[in-house]
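This is run-v6.pdb. It holds PDB, C-alpha atoms.
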```
ATOM      1  CA  MET A 244     -22.780  20.259 -13.095
ATOM      2  CA  ASP A 245     -19.202  21.325 -13.658
ATOM      3  CA  LEU A 246     -16.880  18.698 -12.137
ATOM      4  CA  THR A 247     -13.283  19.643 -11.339
ATOM      5  CA  PHE A 248     -10.576  18.340  -9.036
ATOM      6  CA  ARG A 249      -8.570  20.270  -6.491
ATOM      7  CA  LYS A 250      -5.441  19.076  -4.716
ATOM      8  CA  ALA A 251      -5.748  19.449  -0.936
ATOM      9  CA  ASP A 252      -3.268  21.602   0.942
ATOM     10  CA  GLU A 253      -2.410  22.175   4.582
ATOM     11  CA  GLY A 254      -5.431  24.426   5.105
ATOM     12  CA  ASP A 255      -7.807  21.577   4.258
ATOM     13  CA  CYS A 256      -7.305  19.311   7.289
ATOM     14  CA  ALA A 257     -10.672  20.137   8.856
ATOM     15  CA  LEU A 258     -12.459  19.349   5.605
ATOM     16  CA  ILE A 259     -10.536  16.102   5.103
ATOM     17  CA  LEU A 260     -11.396  15.031   8.653
ATOM     18  CA  GLU A 261     -15.059  15.841   8.040
ATOM     19  CA  PHE A 262     -15.069  13.582   4.971
ATOM     20  CA  ILE A 263     -13.189  10.815   6.817
ATOM     21  CA  LYS A 264     -15.896  10.907   9.488
ATOM     22  CA  GLY A 265     -18.578  10.865   6.797
ATOM     23  CA  LEU A 266     -16.996   7.770   5.280
ATOM     24  CA  ALA A 267     -16.706   6.083   8.680
ATOM     25  CA  GLU A 268     -20.352   6.734   9.428
ATOM     26  CA  TYR A 269     -21.331   5.296   6.055
ATOM     27  CA  GLU A 270     -19.288   2.175   6.881
ATOM     28  CA  ARG A 271     -20.703   2.152  10.445
ATOM     29  CA  MET A 272     -17.180   2.368  11.827
ATOM     30  CA  ALA A 273     -17.323   5.897  13.246
ATOM     31  CA  ASP A 274     -16.015   4.649  16.608
ATOM     32  CA  GLN A 275     -12.751   3.626  14.903
ATOM     33  CA  VAL A 276     -11.793   7.136  13.770
ATOM     34  CA  VAL A 277      -8.988   8.481  15.962
ATOM     35  CA  ALA A 278      -7.621  10.833  13.302
ATOM     36  CA  THR A 279      -7.424  14.525  14.223
ATOM     37  CA  GLU A 280      -6.665  17.629  12.181
ATOM     38  CA  GLU A 281      -3.219  17.766  13.785
ATOM     39  CA  LEU A 282      -2.414  14.159  12.851
ATOM     40  CA  LEU A 283      -3.563  14.727   9.268
ATOM     41  CA  ARG A 284      -1.426  17.859   9.044
ATOM     42  CA  GLU A 285       1.622  15.995  10.352
ATOM     43  CA  TRP A 286       1.332  12.804   8.284
ATOM     44  CA  ILE A 287      -0.116  14.111   5.012
ATOM     45  CA  PHE A 288       1.389  17.579   4.664
ATOM     46  CA  GLU A 289       4.607  17.492   6.728
ATOM     47  CA  LYS A 290       5.736  13.873   6.374
ATOM     48  CA  LYS A 291       4.025  13.652   2.959
ATOM     49  CA  LYS A 292       2.868  10.057   3.383
ATOM     50  CA  ALA A 293      -0.302  10.521   1.351
ATOM     51  CA  GLU A 294      -2.038  12.940  -1.017
ATOM     52  CA  VAL A 295      -5.639  14.083  -1.172
ATOM     53  CA  ILE A 296      -7.761  15.417  -4.014
ATOM     54  CA  PHE A 297     -11.292  16.762  -3.783
ATOM     55  CA  PRO A 298     -13.861  16.275  -6.537
ATOM     56  CA  CYS A 299     -15.630  19.636  -6.791
ATOM     57  CA  ALA A 300     -19.157  20.117  -8.168
ATOM     58  CA  ASP A 301     -19.520  23.693  -9.438
ATOM     59  CA  GLY A 302     -16.522  24.599  -7.296
ATOM     60  CA  LYS A 303     -17.745  22.999  -4.049
ATOM     61  CA  GLU A 304     -15.843  20.047  -2.530
ATOM     62  CA  VAL A 305     -18.249  17.089  -2.526
ATOM     63  CA  GLY A 306     -15.933  14.283  -1.429
ATOM     64  CA  PHE A 307     -12.313  13.249  -1.164
ATOM     65  CA  ALA A 308      -9.864  10.652  -2.405
ATOM     66  CA  LEU A 309      -6.754   9.836  -0.365
ATOM     67  CA  PHE A 310      -3.962   8.001  -2.139
ATOM     68  CA  PHE A 311      -0.265   7.152  -1.836
ATOM     69  CA  HIS A 312       2.374   5.317  -3.815
ATOM     70  CA  ASN A 313       2.917   1.627  -3.333
ATOM     71  CA  PHE A 314       5.632  -0.337  -5.148
ATOM     72  CA  SER A 315       6.007  -3.382  -7.359
ATOM     73  CA  THR A 316       9.362  -5.173  -7.215
ATOM     74  CA  PHE A 317       8.533  -7.104 -10.392
ATOM     75  CA  LEU A 318       7.801  -3.885 -12.314
ATOM     76  CA  GLY A 319      10.613  -2.020 -10.549
ATOM     77  CA  ARG A 320       8.471   1.062 -10.102
ATOM     78  CA  ALA A 321       5.772   2.610  -7.959
ATOM     79  CA  GLY A 322       2.056   2.130  -8.300
ATOM     80  CA  LEU A 323      -0.746   4.376  -7.176
ATOM     81  CA  TYR A 324      -2.906   3.111  -4.319
ATOM     82  CA  LEU A 325      -6.285   4.627  -3.531
ATOM     83  CA  GLU A 326      -6.900   4.224   0.189
ATOM     84  CA  ASP A 327     -10.283   5.906   0.470
ATOM     85  CA  LEU A 328     -12.852   7.472  -1.816
ATOM     86  CA  PHE A 329     -15.915   9.207  -0.447
ATOM     87  CA  VAL A 330     -18.659  11.217  -2.129
ATOM     88  CA  LEU A 331     -21.321  13.050  -0.115
ATOM     89  CA  PRO A 332     -24.628  11.091  -0.185
ATOM     90  CA  GLU A 333     -26.499  13.892  -1.960
ATOM     91  CA  TYR A 334     -23.941  13.828  -4.815
ATOM     92  CA  ARG A 335     -23.986  10.099  -5.516
ATOM     93  CA  GLY A 336     -25.210   8.599  -8.757
ATOM     94  CA  LEU A 337     -23.812  11.474 -10.810
ATOM     95  CA  GLY A 338     -20.619   9.725 -11.971
ATOM     96  CA  ILE A 339     -18.357  11.533  -9.511
ATOM     97  CA  GLY A 340     -16.818   8.291  -8.208
ATOM     98  CA  LYS A 341     -15.992   7.094 -11.709
ATOM     99  CA  ALA A 342     -14.596  10.490 -12.675
ATOM    100  CA  THR A 343     -12.388  10.448  -9.579
ATOM    101  CA  LEU A 344     -11.057   6.986 -10.458
ATOM    102  CA  LYS A 345     -10.338   8.204 -13.984
ATOM    103  CA  GLU A 346      -8.571  11.288 -12.622
ATOM    104  CA  LEU A 347      -6.361   9.099 -10.410
ATOM    105  CA  ALA A 348      -5.646   6.745 -13.320
ATOM    106  CA  ARG A 349      -4.523   9.835 -15.230
ATOM    107  CA  VAL A 350      -2.217  10.860 -12.371
ATOM    108  CA  ALA A 351      -0.821   7.308 -12.230
ATOM    109  CA  VAL A 352      -0.049   7.270 -15.958
ATOM    110  CA  GLU A 353       1.370  10.812 -15.847
ATOM    111  CA  ARG A 354       3.772   9.810 -13.069
ATOM    112  CA  GLY A 355       4.820   6.616 -14.830
ATOM    113  CA  CYS A 356       3.215   4.265 -12.309
ATOM    114  CA  GLY A 357       2.782   0.647 -13.335
ATOM    115  CA  ARG A 358      -0.481   0.004 -11.513
ATOM    116  CA  PHE A 359      -3.500   1.622  -9.940
ATOM    117  CA  GLU A 360      -4.968  -0.330  -7.043
ATOM    118  CA  TRP A 361      -7.497  -0.123  -4.219
ATOM    119  CA  TRP A 362      -9.375  -2.605  -2.134
ATOM    120  CA  CYS A 363     -13.046  -3.357  -1.688
ATOM    121  CA  LEU A 364     -15.209  -5.271   0.786
ATOM    122  CA  ASP A 365     -16.076  -8.706  -0.577
ATOM    123  CA  TRP A 366     -19.812  -8.279   0.010
ATOM    124  CA  ASN A 367     -19.997  -4.968  -1.856
ATOM    125  CA  GLN A 368     -21.315  -6.459  -5.102
ATOM    126  CA  PRO A 369     -22.405  -3.179  -6.776
ATOM    127  CA  SER A 370     -18.891  -1.745  -6.345
ATOM    128  CA  ILE A 371     -17.229  -4.978  -7.476
ATOM    129  CA  HIS A 372     -19.334  -5.008 -10.638
ATOM    130  CA  PHE A 373     -18.499  -1.344 -11.244
ATOM    131  CA  TYR A 374     -14.743  -1.868 -10.718
ATOM    132  CA  LYS A 375     -14.618  -4.857 -13.061
ATOM    133  CA  ARG A 376     -16.333  -2.832 -15.778
ATOM    134  CA  LEU A 377     -13.536  -0.260 -15.415
ATOM    135  CA  GLY A 378     -10.955  -2.963 -16.175
ATOM    136  CA  ALA A 379      -9.916  -3.762 -12.598
ATOM    137  CA  VAL A 380      -8.935  -7.346 -11.778
ATOM    138  CA  PRO A 381      -9.567  -8.810  -8.292
ATOM    139  CA  MET A 382      -6.422 -10.182  -6.666
ATOM    140  CA  ASP A 383      -8.491 -13.048  -5.306
ATOM    141  CA  GLU A 384      -5.629 -15.231  -4.168
ATOM    142  CA  TRP A 385      -4.174 -12.685  -1.772
ATOM    143  CA  THR A 386      -5.099 -11.661   1.758
ATOM    144  CA  THR A 387      -3.624  -8.753   3.691
ATOM    145  CA  TYR A 388      -2.271  -9.475   7.176
ATOM    146  CA  ARG A 389      -2.237  -6.657   9.710
ATOM    147  CA  VAL A 390      -0.394  -6.199  13.004
ATOM    148  CA  THR A 391      -1.523  -3.236  15.060
ATOM    149  CA  GLY A 392      -1.829  -1.918  18.625
ATOM    150  CA  GLU A 393      -0.293  -4.029  21.383
ATOM    151  CA  ALA A 394       0.575  -6.867  18.984
ATOM    152  CA  LEU A 395       2.715  -4.444  16.985
ATOM    153  CA  LYS A 396       4.560  -3.267  20.087
ATOM    154  CA  GLU A 397       5.175  -6.853  21.152
ATOM    155  CA  LEU A 398       6.482  -7.845  17.722
ATOM    156  CA  ALA A 399       8.802  -4.831  17.792
ATOM    157  CA  GLU A 400      10.412  -5.858  21.098
TER     158      GLU A 400
ATOM    159  CA  MET B 935      25.437 -16.859  13.127
ATOM    160  CA  ASP B 936      25.508 -13.108  13.720
ATOM    161  CA  LEU B 937      22.378 -11.537  12.188
ATOM    162  CA  THR B 938      22.363  -7.819  11.426
ATOM    163  CA  PHE B 939      20.409  -5.500   9.121
ATOM    164  CA  ARG B 940      21.769  -3.064   6.607
ATOM    165  CA  LYS B 941      19.816  -0.322   4.844
ATOM    166  CA  ALA B 942      20.286  -0.504   1.069
ATOM    167  CA  ASP B 943      21.735   2.474  -0.795
ATOM    168  CA  GLU B 944      22.090   3.473  -4.418
ATOM    169  CA  GLY B 945      25.040   1.138  -4.947
ATOM    170  CA  ASP B 946      22.880  -1.897  -4.134
ATOM    171  CA  CYS B 947      20.588  -1.963  -7.169
ATOM    172  CA  ALA B 948      22.279  -4.993  -8.758
ATOM    173  CA  LEU B 949      21.966  -6.952  -5.520
ATOM    174  CA  ILE B 950      18.322  -5.934  -5.026
ATOM    175  CA  LEU B 951      17.536  -7.023  -8.593
ATOM    176  CA  GLU B 952      19.265 -10.356  -8.004
ATOM    177  CA  PHE B 953      17.071 -10.980  -4.949
ATOM    178  CA  ILE B 954      13.921  -9.867  -6.807
ATOM    179  CA  LYS B 955      14.731 -12.436  -9.496
ATOM    180  CA  GLY B 956      15.377 -15.055  -6.814
ATOM    181  CA  LEU B 957      11.969 -14.361  -5.324
ATOM    182  CA  ALA B 958      10.286 -14.488  -8.735
ATOM    183  CA  GLU B 959      11.879 -17.841  -9.505
ATOM    184  CA  TYR B 960      10.725 -19.193  -6.140
ATOM    185  CA  GLU B 961       7.188 -18.032  -6.996
ATOM    186  CA  ARG B 962       7.550 -19.376 -10.581
ATOM    187  CA  MET B 963       6.848 -15.906 -11.916
ATOM    188  CA  ALA B 964      10.290 -15.086 -13.313
ATOM    189  CA  ASP B 965       8.788 -14.111 -16.667
ATOM    190  CA  GLN B 966       6.935 -11.259 -14.961
ATOM    191  CA  VAL B 967      10.057  -9.417 -13.798
ATOM    192  CA  VAL B 968      10.627  -6.358 -15.954
ATOM    193  CA  ALA B 969      12.532  -4.431 -13.257
ATOM    194  CA  THR B 970      16.042  -3.264 -14.141
ATOM    195  CA  GLU B 971      18.848  -1.747 -12.078
ATOM    196  CA  GLU B 972      18.098   1.622 -13.669
ATOM    197  CA  LEU B 973      14.387   1.457 -12.760
ATOM    198  CA  LEU B 974      15.197   0.481  -9.170
ATOM    199  CA  ARG B 975      17.681   3.344  -8.907
ATOM    200  CA  GLU B 976      15.107   5.813 -10.225
ATOM    201  CA  TRP B 977      12.087   4.692  -8.180
ATOM    202  CA  ILE B 978      13.705   3.600  -4.900
ATOM    203  CA  PHE B 979      16.649   5.973  -4.520
ATOM    204  CA  GLU B 980      15.740   9.055  -6.569
ATOM    205  CA  LYS B 981      11.956   9.187  -6.234
ATOM    206  CA  LYS B 982      12.166   7.454  -2.819
ATOM    207  CA  LYS B 983       9.001   5.419  -3.291
ATOM    208  CA  ALA B 984      10.250   2.443  -1.260
ATOM    209  CA  GLU B 985      13.027   1.384   1.104
ATOM    210  CA  VAL B 986      15.069  -1.798   1.250
ATOM    211  CA  ILE B 987      16.885  -3.511   4.097
ATOM    212  CA  PHE B 988      19.115  -6.581   3.851
ATOM    213  CA  PRO B 989      19.277  -9.199   6.590
ATOM    214  CA  CYS B 990      23.013 -10.047   6.853
ATOM    215  CA  ALA B 991      24.370 -13.324   8.212
ATOM    216  CA  ASP B 992      27.906 -12.753   9.497
ATOM    217  CA  GLY B 993      28.041  -9.613   7.395
ATOM    218  CA  LYS B 994      26.811 -11.181   4.123
ATOM    219  CA  GLU B 995      23.475 -10.107   2.603
ATOM    220  CA  VAL B 996      21.248 -13.200   2.539
ATOM    221  CA  GLY B 997      17.943 -11.683   1.456
ATOM    222  CA  PHE B 998      15.986  -8.464   1.197
ATOM    223  CA  ALA B 999      12.841  -6.767   2.423
ATOM    224  CA  LEU B1000      11.257  -3.959   0.408
ATOM    225  CA  PHE B1001       8.740  -1.752   2.179
ATOM    226  CA  PHE B1002       6.957   1.592   1.900
ATOM    227  CA  HIS B1003       4.490   3.647   3.884
ATOM    228  CA  ASN B1004       0.786   3.217   3.370
ATOM    229  CA  PHE B1005      -1.826   5.306   5.174
ATOM    230  CA  SER B1006      -4.889   4.860   7.365
ATOM    231  CA  THR B1007      -7.478   7.631   7.226
ATOM    232  CA  PHE B1008      -9.152   6.311  10.395
ATOM    233  CA  LEU B1009      -5.863   6.416  12.328
ATOM    234  CA  GLY B1010      -4.785   9.631  10.599
ATOM    235  CA  ARG B1011      -1.247   8.379  10.162
ATOM    236  CA  ALA B1012       0.965   6.194   8.021
ATOM    237  CA  GLY B1013       1.464   2.464   8.329
ATOM    238  CA  LEU B1014       4.381   0.357   7.195
ATOM    239  CA  TYR B1015       3.711  -2.033   4.331
ATOM    240  CA  LEU B1016       6.070  -4.897   3.538
ATOM    241  CA  GLU B1017       5.880  -5.552  -0.193
ATOM    242  CA  ASP B1018       8.387  -8.395  -0.479
ATOM    243  CA  LEU B1019      10.546 -10.475   1.808
ATOM    244  CA  PHE B1020      13.034 -12.975   0.426
ATOM    245  CA  VAL B1021      15.687 -15.112   2.113
ATOM    246  CA  LEU B1022      18.156 -17.196   0.099
ATOM    247  CA  PRO B1023      17.118 -20.891   0.134
ATOM    248  CA  GLU B1024      20.301 -21.994   1.925
ATOM    249  CA  TYR B1025      19.567 -19.573   4.783
ATOM    250  CA  ARG B1026      15.974 -20.575   5.437
ATOM    251  CA  GLY B1027      14.818 -22.185   8.667
ATOM    252  CA  LEU B1028      17.204 -20.085  10.755
ATOM    253  CA  GLY B1029      14.698 -17.481  11.918
ATOM    254  CA  ILE B1030      15.853 -14.797   9.485
ATOM    255  CA  GLY B1031      12.340 -14.151   8.154
ATOM    256  CA  LYS B1032      10.937 -13.697  11.649
ATOM    257  CA  ALA B1033      13.859 -11.472  12.675
ATOM    258  CA  THR B1034      13.252  -9.318   9.595
ATOM    259  CA  LEU B1035       9.554  -8.931  10.431
ATOM    260  CA  LYS B1036      10.515  -7.958  13.984
ATOM    261  CA  GLU B1037      13.041  -5.436  12.662
ATOM    262  CA  LEU B1038      10.377  -3.850  10.442
ATOM    263  CA  ALA B1039       7.897  -3.799  13.337
ATOM    264  CA  ARG B1040      10.575  -1.937  15.297
ATOM    265  CA  VAL B1041      10.985   0.581  12.444
ATOM    266  CA  ALA B1042       7.190   1.009  12.284
ATOM    267  CA  VAL B1043       6.930   1.731  16.025
ATOM    268  CA  GLU B1044       9.981   4.004  15.944
ATOM    269  CA  ARG B1045       8.402   6.080  13.175
ATOM    270  CA  GLY B1046       5.030   6.261  14.921
ATOM    271  CA  CYS B1047       3.198   4.118  12.364
ATOM    272  CA  GLY B1048      -0.188   2.760  13.372
ATOM    273  CA  ARG B1049       0.052  -0.552  11.514
ATOM    274  CA  PHE B1050       2.414  -3.038   9.936
ATOM    275  CA  GLU B1051       0.928  -4.941   7.010
ATOM    276  CA  TRP B1052       1.802  -7.298   4.182
ATOM    277  CA  TRP B1053      -0.096  -9.752   2.075
ATOM    278  CA  CYS B1054       0.138 -13.478   1.571
ATOM    279  CA  LEU B1055      -1.133 -16.043  -0.919
ATOM    280  CA  ASP B1056      -4.235 -17.778   0.417
ATOM    281  CA  TRP B1057      -2.846 -21.281  -0.188
ATOM    282  CA  ASN B1058       0.389 -20.608   1.696
ATOM    283  CA  GLN B1059      -0.717 -22.284   4.916
ATOM    284  CA  PRO B1060       2.710 -22.506   6.612
ATOM    285  CA  SER B1061       3.176 -18.738   6.209
ATOM    286  CA  ILE B1062      -0.383 -17.982   7.333
ATOM    287  CA  HIS B1063       0.121 -20.042  10.489
ATOM    288  CA  PHE B1064       3.435 -18.292  11.104
ATOM    289  CA  TYR B1065       1.957 -14.802  10.616
ATOM    290  CA  LYS B1066      -0.974 -15.472  12.934
ATOM    291  CA  ARG B1067       1.399 -16.619  15.665
ATOM    292  CA  LEU B1068       3.159 -13.247  15.317
ATOM    293  CA  GLY B1069      -0.124 -11.480  16.080
ATOM    294  CA  ALA B1070      -1.144 -10.650  12.502
ATOM    295  CA  VAL B1071      -4.851 -10.637  11.662
ATOM    296  CA  PRO B1072      -6.086 -11.594   8.161
ATOM    297  CA  MET B1073      -8.210  -8.892   6.540
ATOM    298  CA  ASP B1074     -10.442 -11.631   5.139
ATOM    299  CA  GLU B1075     -13.279  -9.423   4.004
ATOM    300  CA  TRP B1076     -11.176  -7.330   1.654
ATOM    301  CA  THR B1077      -9.934  -7.934  -1.891
ATOM    302  CA  THR B1078      -7.503  -5.737  -3.777
ATOM    303  CA  TYR B1079      -8.520  -4.585  -7.258
ATOM    304  CA  ARG B1080      -5.790  -3.796  -9.769
ATOM    305  CA  VAL B1081      -5.809  -1.883 -13.050
ATOM    306  CA  THR B1082      -2.635  -2.168 -15.093
ATOM    307  CA  GLY B1083      -1.263  -2.105 -18.648
ATOM    308  CA  GLU B1084      -3.690  -1.160 -21.404
ATOM    309  CA  ALA B1085      -6.669  -1.073 -19.033
ATOM    310  CA  LEU B1086      -4.900   1.607 -16.986
ATOM    311  CA  LYS B1087      -4.221   3.712 -20.085
ATOM    312  CA  GLU B1088      -7.848   3.385 -21.171
ATOM    313  CA  LEU B1089      -9.159   4.369 -17.741
ATOM    314  CA  ALA B1090      -6.855   7.398 -17.785
ATOM    315  CA  GLU B1091      -8.245   8.715 -21.064
TER     316      GLU B1091
END
```

Rewrite the structure from the file as structure tokens, please.
Amino acid sequence: MDLTFRKADEGDCALILEFIKGLAEYERMADQVVATEELLREWIFEKKKAEVIFPCADGKEVGFALFFHNFSTFLGRAGLYLEDLFVLPEYRGLGIGKATLKELARVAVERGCGRFEWWCLDWNQPSIHFYKRLGAVPMDEWTTYRVTGEALKELAE
Amino acid sequence: MDLTFRKADEGDCALILEFIKGLAEYERMADQVVATEELLREWIFEKKKAEVIFPCADGKEVGFALFFHNFSTFLGRAGLYLEDLFVLPEYRGLGIGKATLKELARVAVERGCGRFEWWCLDWNQPSIHFYKRLGAVPMDEWTTYRVTGEALKELAE
């Protein structure tokens, strides 16, 4: 298998959405996907709030990774944050996930980023073990707080 | 006290760095600050990887909030992520932190963001209580994994 990476462009919104839905089904959260091709076009390719690469097996897109830049005040520079990584079920176990993480680490270093981060569900022991072997450290002491929907509107008033 | 907000510009790097150091001292992590005025200028104002607003009491900057846009694949749009919020010790207890969170929630809604997020140390009970009262939900099941320094270079190879 020849594994390459391709940067997504504006013509790829349907494919990105397909992979997002695949990921949501895998996580049994398909009912939470409200993304549309139009929204992806607007926020990824017009407003440039994220970037997407596709791992390609023999030229065929077999998954996606969506990432953006976060920021560390202590380091005074951006980091690279991987929001989602998905590989089609029939292409798992071939090292595509690891290769994608390595590709993003390469992008992070190339751009001068100080960190490469992502998050993981606490019960996902196989992934946790895998991430630690790659040199990732769990930020155990920290919890993300989220305001969304009506609560966000209320807070904004 | 008249509380206003001012968006930081390129001339504010020294002030931003001063507040970053103030925050690091408060967190007893001052030795971890490697940010410089030049780095902040490059990454915030040239590469535009983050934004900063200052809460101002009677026109004087009394703290800072640094934020950037993250992204939700399920929502298909960006969120607003607050990386750091700091208020000078002598100005605490006056509602400036809450007003700053409300200001950022307003920015998030204005820009069409689907979420407003930040993270918090698990032992910081007063803050956790405060955040929950504002409508924030802890993403308890998730842990962030970080690769940095030599481990990042190795992963990139």

Just say which residues the PyMOL selection byres ((chain B) within 6 of (chain A)) picks in this file, as a count of residues only.
-> 37

Could you tell me, as an mmCIF file with C-alpha atoms, keeping the file's coordinate frame, exactly which residues end up selected when the PyMOL selection byres ((chain A and resi 300) around 10) is applied to this structure?
```
data_model
loop_
_atom_site.group_PDB
_atom_site.id
_atom_site.type_symbol
_atom_site.label_atom_id
_atom_site.label_comp_id
_atom_site.auth_asym_id
_atom_site.auth_seq_id
_atom_site.Cartn_x
_atom_site.Cartn_y
_atom_site.Cartn_z
ATOM 1 C CA MET A 244 -22.780 20.259 -13.095
ATOM 2 C CA ASP A 245 -19.202 21.325 -13.658
ATOM 3 C CA LEU A 246 -16.880 18.698 -12.137
ATOM 4 C CA THR A 247 -13.283 19.643 -11.339
ATOM 5 C CA PHE A 248 -10.576 18.340 -9.036
ATOM 6 C CA PHE A 297 -11.292 16.762 -3.783
ATOM 7 C CA PRO A 298 -13.861 16.275 -6.537
ATOM 8 C CA CYS A 299 -15.630 19.636 -6.791
ATOM 9 C CA ASP A 301 -19.520 23.693 -9.438
ATOM 10 C CA GLY A 302 -16.522 24.599 -7.296
ATOM 11 C CA LYS A 303 -17.745 22.999 -4.049
ATOM 12 C CA GLU A 304 -15.843 20.047 -2.530
ATOM 13 C CA VAL A 305 -18.249 17.089 -2.526
ATOM 14 C CA GLY A 306 -15.933 14.283 -1.429
ATOM 15 C CA TYR A 334 -23.941 13.828 -4.815
ATOM 16 C CA ILE A 339 -18.357 11.533 -9.511
#
```

Option closest in space to Arg940 of chain B, from B:Phe998, B:Leu1028, B:Glu952, B:Arg1045 [counting only C-alpha atoms] | B:Phe998

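For the atom pair formed by atom CA of Val1021 of chain B and atom CA of Glu980 of chain B, the distance is 25.7 Å, given to one decimal.
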
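One finds atom CA of Leu331 of chain A at 13.3 Å from atom CA of Thr343 of chain A.
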
If I wrap all listed atoms of segment 379-386 of chain A in a box with edges along x, y and z and add 6 Å on each side, what are its centre and edge lengths in Å to one decimal, as AutoDock Vina command-line options?
```
--center_x -7.0 --center_y -9.5 --center_z -5.4 --size_x 17.7 --size_y 23.5 --size_z 26.4
```

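Taking atom CA of His372 of chain A and atom CA of Gly355 of chain A as the two end points, the separation is 27.1 Å.
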
Would you mind writing segment 319-332 of chain A with N, CA, C and O atoms, as a PDB file, keeping the file's coordinate frame?
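The resulting rebuild_25.pdb:
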```pdb
ATOM      1  N   GLY A 319       9.498  -2.920 -10.860  1.00  0.00           N
ATOM      2  CA  GLY A 319      10.613  -2.020 -10.549  1.00  0.00           C
ATOM      3  C   GLY A 319      10.203  -0.556 -10.478  1.00  0.00           C
ATOM      4  O   GLY A 319      11.016   0.345 -10.698  1.00  0.00           O
ATOM      5  N   ARG A 320       8.962  -0.313 -10.151  1.00  0.00           N
ATOM      6  CA  ARG A 320       8.471   1.062 -10.102  1.00  0.00           C
ATOM      7  C   ARG A 320       7.257   1.159  -9.167  1.00  0.00           C
ATOM      8  O   ARG A 320       6.692   0.152  -8.781  1.00  0.00           O
ATOM      9  N   ALA A 321       6.900   2.383  -8.848  1.00  0.00           N
ATOM     10  CA  ALA A 321       5.772   2.610  -7.959  1.00  0.00           C
ATOM     11  C   ALA A 321       4.450   2.345  -8.662  1.00  0.00           C
ATOM     12  O   ALA A 321       4.362   2.331  -9.897  1.00  0.00           O
ATOM     13  N   GLY A 322       3.430   2.146  -7.847  1.00  0.00           N
ATOM     14  CA  GLY A 322       2.056   2.130  -8.300  1.00  0.00           C
ATOM     15  C   GLY A 322       1.322   3.242  -7.557  1.00  0.00           C
ATOM     16  O   GLY A 322       1.903   3.922  -6.716  1.00  0.00           O
ATOM     17  N   LEU A 323       0.063   3.406  -7.901  1.00  0.00           N
ATOM     18  CA  LEU A 323      -0.746   4.376  -7.176  1.00  0.00           C
ATOM     19  C   LEU A 323      -1.829   3.595  -6.435  1.00  0.00           C
ATOM     20  O   LEU A 323      -2.525   2.762  -7.032  1.00  0.00           O
ATOM     21  N   TYR A 324      -1.936   3.837  -5.133  1.00  0.00           N
ATOM     22  CA  TYR A 324      -2.906   3.111  -4.319  1.00  0.00           C
ATOM     23  C   TYR A 324      -3.935   4.080  -3.745  1.00  0.00           C
ATOM     24  O   TYR A 324      -3.589   5.036  -3.058  1.00  0.00           O
ATOM     25  N   LEU A 325      -5.187   3.812  -4.049  1.00  0.00           N
ATOM     26  CA  LEU A 325      -6.285   4.627  -3.531  1.00  0.00           C
ATOM     27  C   LEU A 325      -6.754   4.029  -2.214  1.00  0.00           C
ATOM     28  O   LEU A 325      -7.275   2.916  -2.173  1.00  0.00           O
ATOM     29  N   GLU A 326      -6.526   4.744  -1.137  1.00  0.00           N
ATOM     30  CA  GLU A 326      -6.900   4.224   0.189  1.00  0.00           C
ATOM     31  C   GLU A 326      -8.386   4.430   0.471  1.00  0.00           C
ATOM     32  O   GLU A 326      -9.056   3.524   0.946  1.00  0.00           O
ATOM     33  N   ASP A 327      -8.876   5.614   0.184  1.00  0.00           N
ATOM     34  CA  ASP A 327     -10.283   5.906   0.470  1.00  0.00           C
ATOM     35  C   ASP A 327     -10.860   6.857  -0.552  1.00  0.00           C
ATOM     36  O   ASP A 327     -10.197   7.798  -0.993  1.00  0.00           O
ATOM     37  N   LEU A 328     -12.109   6.606  -0.902  1.00  0.00           N
ATOM     38  CA  LEU A 328     -12.852   7.472  -1.816  1.00  0.00           C
ATOM     39  C   LEU A 328     -14.237   7.665  -1.206  1.00  0.00           C
ATOM     40  O   LEU A 328     -14.898   6.700  -0.845  1.00  0.00           O
ATOM     41  N   PHE A 329     -14.625   8.903  -1.058  1.00  0.00           N
ATOM     42  CA  PHE A 329     -15.915   9.207  -0.447  1.00  0.00           C
ATOM     43  C   PHE A 329     -16.580  10.331  -1.224  1.00  0.00           C
ATOM     44  O   PHE A 329     -15.930  11.319  -1.571  1.00  0.00           O
ATOM     45  N   VAL A 330     -17.867  10.161  -1.503  1.00  0.00           N
ATOM     46  CA  VAL A 330     -18.659  11.217  -2.129  1.00  0.00           C
ATOM     47  C   VAL A 330     -19.870  11.463  -1.222  1.00  0.00           C
ATOM     48  O   VAL A 330     -20.503  10.503  -0.751  1.00  0.00           O
ATOM     49  N   LEU A 331     -20.169  12.708  -0.965  1.00  0.00           N
ATOM     50  CA  LEU A 331     -21.321  13.050  -0.115  1.00  0.00           C
ATOM     51  C   LEU A 331     -22.583  12.373  -0.654  1.00  0.00           C
ATOM     52  O   LEU A 331     -22.796  12.330  -1.878  1.00  0.00           O
ATOM     53  N   PRO A 332     -23.435  11.835   0.242  1.00  0.00           N
ATOM     54  CA  PRO A 332     -24.628  11.091  -0.185  1.00  0.00           C
ATOM     55  C   PRO A 332     -25.442  11.831  -1.236  1.00  0.00           C
ATOM     56  O   PRO A 332     -25.895  11.226  -2.216  1.00  0.00           O
TER      57      PRO A 332
END
```
